[in-house]
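Beneath this line is the structure, given in structure tokens, with notes to follow.
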Amino acid sequence: MGAPLLALACLATTAGAAVPRPVWSLGVSGGSARFDSHLADYQWNLTPRPAWGAQAGASLGRFGLALRAGVSAATQHVDAAASVTDPAVRVTTLDLAGEAEVARPLGTALLARACAGRVAIGYSPDRVTLETGAGATTVDLPTVRAWSWGAGAALRREVAPRWTATLAVERHSFAFDTAHRSGASVTFARETFGNWNGRLELARLFGNR
């Protein structure tokens, strides 16, 4: 009976060692955002702007999930007669991103990504005054909120024990109701916009690997 018992013990040990354990991570990111060219129709300044963010994630084997928050900014021209002609536009995102490792050439992981979440577009200041022939008019610039979704690819490599660096490119899309002047009339529509984001992510890993 000794040999069978020893074999069962070895199998149990091997099975226990093969069970994958999740790896947790906390990270920060910095990069650049390029806004949809169609936003120029609404007087956005489309110059690429800095973008930054933070994330907390977990991975198991080749797959991972991360809760991410990010911020980027632009300006939007309102009117030459406004008290603030070009208020700042702050674009804030909060999403859940999933990724899968599709290859690992030379120790660098190639990742496919997809995400979904919410985007908020806010103004600073959120109220401007327009001077007209009949006097001053106050115009509110409310925050716009919408669902967002996106996809992209990334390259990740370990740069130090329990530290990784990831170079990512993603396209994020969102849709909301718009209004703009077309000749003598105002056109109302629901439009979809897509922004490109490129960033470098630095993350600290926790847990058994």
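Labels used: A, B, ... for chains in the order of the structure tokens, numbers from 1 for residues in each chain, and numbers from 1 for ligands as shown.
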
Who sits within 8 Å of segment 115-130 of chain A, only C-alpha atoms, same chain under 2 positions skipped, as a VMD selection string: chain A and resid 79 81 to 84 87 to 98 113 132 136 to 151 174

Report as a tab-separated table the residues of segment 12-91 of chain A within 9 Å of segment 204-209 of chain A, each with its shortest atom pair and distance in Å (one decimal), using only C-alpha atoms, ordered by chain and increasing residue number.
```
residue	atom	partner	partner_atom	distance
A:Pro20	CA	A:Arg209	CA	8.0
A:Arg21	CA	A:Asn208	CA	6.4
A:Pro22	CA	A:Gly207	CA	7.0
A:Val23	CA	A:Gly207	CA	5.2
A:Trp24	CA	A:Phe206	CA	5.0
A:Ser25	CA	A:Leu205	CA	4.5
A:Leu26	CA	A:Arg204	CA	5.5
A:Gly27	CA	A:Arg204	CA	6.2
```

Give me a file of those residues, with N, CA and C atoms, as a PDB file, in the first residue's frame.
```pdb
ATOM      1  N   PRO A  20      -3.605  28.026 -10.583  1.00  0.00           N
ATOM      2  CA  PRO A  20      -3.144  29.417 -10.744  1.00  0.00           C
ATOM      3  C   PRO A  20      -3.705  30.319  -9.664  1.00  0.00           C
ATOM      4  N   ARG A  21      -2.942  31.272  -9.263  1.00  0.00           N
ATOM      5  CA  ARG A  21      -3.355  32.224  -8.245  1.00  0.00           C
ATOM      6  C   ARG A  21      -3.424  33.618  -8.873  1.00  0.00           C
ATOM      7  N   PRO A  22      -4.386  34.429  -8.464  1.00  0.00           N
ATOM      8  CA  PRO A  22      -4.498  35.772  -9.048  1.00  0.00           C
ATOM      9  C   PRO A  22      -3.331  36.667  -8.636  1.00  0.00           C
ATOM     10  N   VAL A  23      -2.959  37.532  -9.531  1.00  0.00           N
ATOM     11  CA  VAL A  23      -1.948  38.553  -9.272  1.00  0.00           C
ATOM     12  C   VAL A  23      -2.652  39.906  -9.295  1.00  0.00           C
ATOM     13  N   TRP A  24      -2.473  40.680  -8.238  1.00  0.00           N
ATOM     14  CA  TRP A  24      -3.109  41.992  -8.120  1.00  0.00           C
ATOM     15  C   TRP A  24      -2.125  43.069  -8.522  1.00  0.00           C
ATOM     16  N   SER A  25      -2.640  44.206  -8.967  1.00  0.00           N
ATOM     17  CA  SER A  25      -1.748  45.291  -9.396  1.00  0.00           C
ATOM     18  C   SER A  25      -2.370  46.651  -9.120  1.00  0.00           C
ATOM     19  N   LEU A  26      -1.513  47.615  -8.865  1.00  0.00           N
ATOM     20  CA  LEU A  26      -1.885  49.026  -8.767  1.00  0.00           C
ATOM     21  C   LEU A  26      -0.955  49.789  -9.687  1.00  0.00           C
ATOM     22  N   GLY A  27      -1.503  50.709 -10.470  1.00  0.00           N
ATOM     23  CA  GLY A  27      -0.653  51.395 -11.426  1.00  0.00           C
ATOM     24  C   GLY A  27      -1.102  52.816 -11.734  1.00  0.00           C
TER      25      GLY A  27
END
```

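Computed from the coordinates, the atom CA of Tyr42 of chain A to atom CA of Thr75 of chain A distance equals 10.7 Å.
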
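Residue nearest Gln55 of chain A within the list A:Ala80, A:Ala69, A:Leu167, A:Leu202: A:Ala69 [criterion: smallest interatomic distance, only C-alpha atoms].
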
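Nearest to Glu101 of chain A of all the residues A:Val71, A:Ala160, A:Leu65, A:Val169 is A:Leu65, based on only C-alpha atoms.
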
Please list as a short mmCIF file (atom, residue, chain, number, x, y, z; two decimals) with N, CA, C and O atoms, in the first residue's frame every residue within 8 Å of Phe35 of chain A, counting only C-alpha atoms and excluding residues in the same chain fewer than 2 positions away.
```cif
data_model
loop_
_atom_site.label_atom_id
_atom_site.label_comp_id
_atom_site.auth_asym_id
_atom_site.auth_seq_id
_atom_site.Cartn_x
_atom_site.Cartn_y
_atom_site.Cartn_z
N ALA A 33 -3.83 62.23 -25.54
CA ALA A 33 -5.15 61.96 -26.11
C ALA A 33 -5.32 62.79 -27.38
O ALA A 33 -5.00 63.99 -27.40
N SER A 37 -11.73 64.20 -34.88
CA SER A 37 -11.65 65.39 -35.74
C SER A 37 -13.02 66.04 -35.94
O SER A 37 -13.11 67.24 -36.20
N LEU A 39 -15.08 66.74 -33.72
CA LEU A 39 -15.33 67.71 -32.64
C LEU A 39 -14.91 69.13 -33.04
O LEU A 39 -15.31 70.09 -32.40
N LEU A 46 -8.25 70.68 -31.23
CA LEU A 46 -7.91 69.28 -31.37
C LEU A 46 -6.42 68.99 -31.19
O LEU A 46 -5.96 67.88 -31.47
N PRO A 48 -3.25 67.54 -29.73
CA PRO A 48 -3.08 66.45 -28.75
C PRO A 48 -2.69 67.00 -27.38
O PRO A 48 -1.84 67.88 -27.27
N GLY A 194 -14.99 59.29 -31.48
CA GLY A 194 -13.95 58.36 -31.07
C GLY A 194 -12.63 59.07 -30.85
O GLY A 194 -12.18 59.82 -31.72
N ASN A 195 -12.02 58.86 -29.71
CA ASN A 195 -10.73 59.46 -29.37
C ASN A 195 -9.64 58.40 -29.31
O ASN A 195 -9.86 57.29 -28.82
N TRP A 196 -8.45 58.75 -29.79
CA TRP A 196 -7.29 57.87 -29.68
C TRP A 196 -6.49 58.22 -28.43
O TRP A 196 -6.32 59.40 -28.12
#
```

Test item, strand (DSSP E) assignment across segment 54-173 of chain A, answer as a PyMOL selection string: chain A and resi 54-60+63-75+88-103+109-124+127-132+135-140+144-160+163-173

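The residue that comes closest to Ala168 of chain A, out of A:Gly70, A:Gly107, A:Pro50, A:Gly31 and on the basis of only C-alpha atoms, is A:Gly31.
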
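Note that atom CA of Ala54 of chain A and atom CA of Ala109 of chain A are 20.6 Å apart.
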
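Distances here use only C-alpha atoms; by that measure, the residue among A:Gly135, A:Ala175, A:Arg104, A:Glu99 closest to Gly152 of chain A is A:Glu99.
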
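Here atom CA of Ala40 of chain A is placed at a distance of 26.7 Å from atom CA of Ala114 of chain A.
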
Nearest to Ala165 of chain A, chosen from A:Ala203, A:Ala179, A:Val19, A:Ala51, with only C-alpha atoms counted in the distances: A:Ala203
